[in-house]
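**Student:** Once you've had a glance at the structure underneath, I'll fire off some questions.
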Amino acid sequence: PMRELAGRIHPLPATLGNAMELKYRDFLTVALMIKSDDLFPDNWIYIHDSKVQVGRIQNFRSWSPEMVPDPSLACVGLEYFCFEGDGLWSARDDELIDLAKREMAILGLCDPDQTGAAIL
């Protein structure tokens, strides 16, 4: 990590204090099983929409058909960028699942009624 690297450079850089204050972003993934064919052909789509919190959605079948062997289901992973201890990080599983379902609907990717079991 940059914090550790900056402390091991000799002579110590003038920016060592700034490096020691760096924060590292975490992310979590909410996986949704959706009663549908594949929703999009790409491995990932990056989301740039202020109406949602999700940053990226991945289509697991695009990585490998064996990851989602049931052809009647799609499985997508909604990736949320967060920091350890913040609201998203601390949310209950059921809250994250509901958030993911709502955001898929807002983005027009699926109807929440199409979503089946969800896992984290």
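Ordered as shown in the structure tokens, chains take letters A, B, and onward, while each chain numbers its residues from 1 and ligands are numbered from 1 in the order shown.
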Would you pick out the contacts of A:Ala19 at 12 Å or less, using only C-alpha atoms, so that residues sharing its chain but fewer than 4 positions from it are not included, and give the list as a PyMOL selection string?
**Tutor:** chain A and resi 1-9+12-15+23-24
**Student:** With only C-alpha atoms as the counted atoms, please give the residues lying no more than 12 Å from A:Arg92, apart from itself and same-chain residues fewer than 5 positions off, as a compact mmCIF listing (two decimals) with N, CA and C atoms, in the first residue's frame.
**Tutor:**
```txt
# COMPACT_ATOMS: atom_id res chain seq x y z
N VAL A 30 -23.53 -7.36 -4.38
CA VAL A 30 -24.82 -7.98 -4.14
C VAL A 30 -25.16 -8.75 -5.41
N GLY A 87 -22.29 3.54 5.92
CA GLY A 87 -23.66 3.05 5.86
C GLY A 87 -23.85 1.81 5.00
N ILE A 97 -29.98 -6.16 -0.51
CA ILE A 97 -30.73 -6.86 -1.56
C ILE A 97 -31.85 -5.97 -2.09
N ASP A 98 -32.59 -5.34 -1.18
CA ASP A 98 -33.67 -4.43 -1.60
C ASP A 98 -33.11 -3.26 -2.40
N LEU A 99 -31.99 -2.70 -1.96
CA LEU A 99 -31.34 -1.61 -2.69
C LEU A 99 -30.98 -2.05 -4.10
N LEU A 120 -25.16 -12.58 -1.08
CA LEU A 120 -24.06 -11.62 -0.99
C LEU A 120 -22.75 -12.34 -1.12
```
**Student:** A:Phe81: which residues within 12 Å, counting only C-alpha atoms, same-chain residues fewer than 2 positions away excluded, as a PyMOL selection string?
**Tutor:** chain A and resi 24-30+46-47+52-57+78-79+83-84+86-89
**Student:** I need the residues from that last selection saved to file as a PDB file, in the first residue's frame (with C-alpha atoms), if you can.
**Tutor:**
```
ATOM      1  CA  TYR A  24      -8.532   2.797   0.743  1.00  0.00           C
ATOM      2  CA  ARG A  25     -11.914   2.266  -0.797  1.00  0.00           C
ATOM      3  CA  ASP A  26     -13.688  -1.037  -0.286  1.00  0.00           C
ATOM      4  CA  PHE A  27     -16.545  -2.519  -2.227  1.00  0.00           C
ATOM      5  CA  LEU A  28     -19.195  -5.105  -1.726  1.00  0.00           C
ATOM      6  CA  THR A  29     -21.136  -7.139  -4.240  1.00  0.00           C
ATOM      7  CA  VAL A  30     -24.823  -7.982  -4.141  1.00  0.00           C
ATOM      8  CA  TYR A  46     -19.992   0.859 -15.370  1.00  0.00           C
ATOM      9  CA  ILE A  47     -22.806   2.999 -14.023  1.00  0.00           C
ATOM     10  CA  VAL A  52     -28.258   5.126  -7.982  1.00  0.00           C
ATOM     11  CA  GLN A  53     -25.358   4.158  -5.749  1.00  0.00           C
ATOM     12  CA  VAL A  54     -24.149   1.130  -7.718  1.00  0.00           C
ATOM     13  CA  GLY A  55     -20.852   1.720  -9.524  1.00  0.00           C
ATOM     14  CA  ARG A  56     -20.541  -1.375 -11.671  1.00  0.00           C
ATOM     15  CA  ILE A  57     -22.666  -4.387 -12.593  1.00  0.00           C
ATOM     16  CA  LEU A  78     -24.014  -5.116  -8.326  1.00  0.00           C
ATOM     17  CA  GLU A  79     -20.814  -3.593  -6.988  1.00  0.00           C
ATOM     18  CA  PHE A  83     -15.549   2.480   3.108  1.00  0.00           C
ATOM     19  CA  GLU A  84     -15.335   0.003   5.957  1.00  0.00           C
ATOM     20  CA  ASP A  86     -19.932   3.430   6.484  1.00  0.00           C
ATOM     21  CA  GLY A  87     -23.664   3.046   5.861  1.00  0.00           C
ATOM     22  CA  LEU A  88     -23.374   0.624   2.957  1.00  0.00           C
ATOM     23  CA  TRP A  89     -20.695  -1.457   4.695  1.00  0.00           C
TER      24      TRP A  89
END
```
**Student:** Counting only C-alpha atoms, figure out which residue out of A:Ala91, A:Tyr80, A:Cys75, A:Cys110 gets nearest to A:Leu32.
**Tutor:** A:Cys75
**Student:** I'd like the neighbourhood of A:Val76 as a ChimeraX atom specification, where a residue qualifies if any of its atoms comes within 6 Å (using only C-alpha atoms), though same-chain residues fewer than 6 positions away should be ignored.
**Tutor:** /A:31-32,58-60
**Student:** What is the distance, in Å and to one decimal place, between atom CA of A:Pro41 and atom CA of A:Asp70?
**Tutor:**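 Straight-line distance from atom CA of A:Pro41 to atom CA of A:Asp70 works out to 16.4 Å.
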**Student:** Just want the 12 Å neighbourhood of stretch 62-66 of chain A, counted on only C-alpha atoms, with same-chain residues fewer than 5 positions away dropped. Output as a count of residues only.
**Tutor:** 16
**Student:** Measure the distance from atom CA of A:Ala105 to atom CA of A:Ser90 in Å and round it to one decimal.
**Tutor:**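 One can read the atom CA of A:Ala105 to atom CA of A:Ser90 distance as 23.3 Å.
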**Student:** Would you compute the distance between atom CA of A:Asp93 and atom CA of A:Gln114? Give it in Å to one decimal.
**Tutor:**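 That distance, rounded to one decimal, is 19.0 Å.
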**Student:** Write out as a ChimeraX atom specification all residues of chain A that DSSP puts in strand (DSSP E) for this structure's backbone.
**Tutor:** /A:26-35,44-46,56-59,73-82,115-119
**Student:** So which one's closest to A:Ser72, A:Lys35, A:Asp49, A:Asp94, A:Arg102? Using only C-alpha atoms, please.
**Tutor:**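 Smallest separation from A:Ser72 among the options: A:Lys35.
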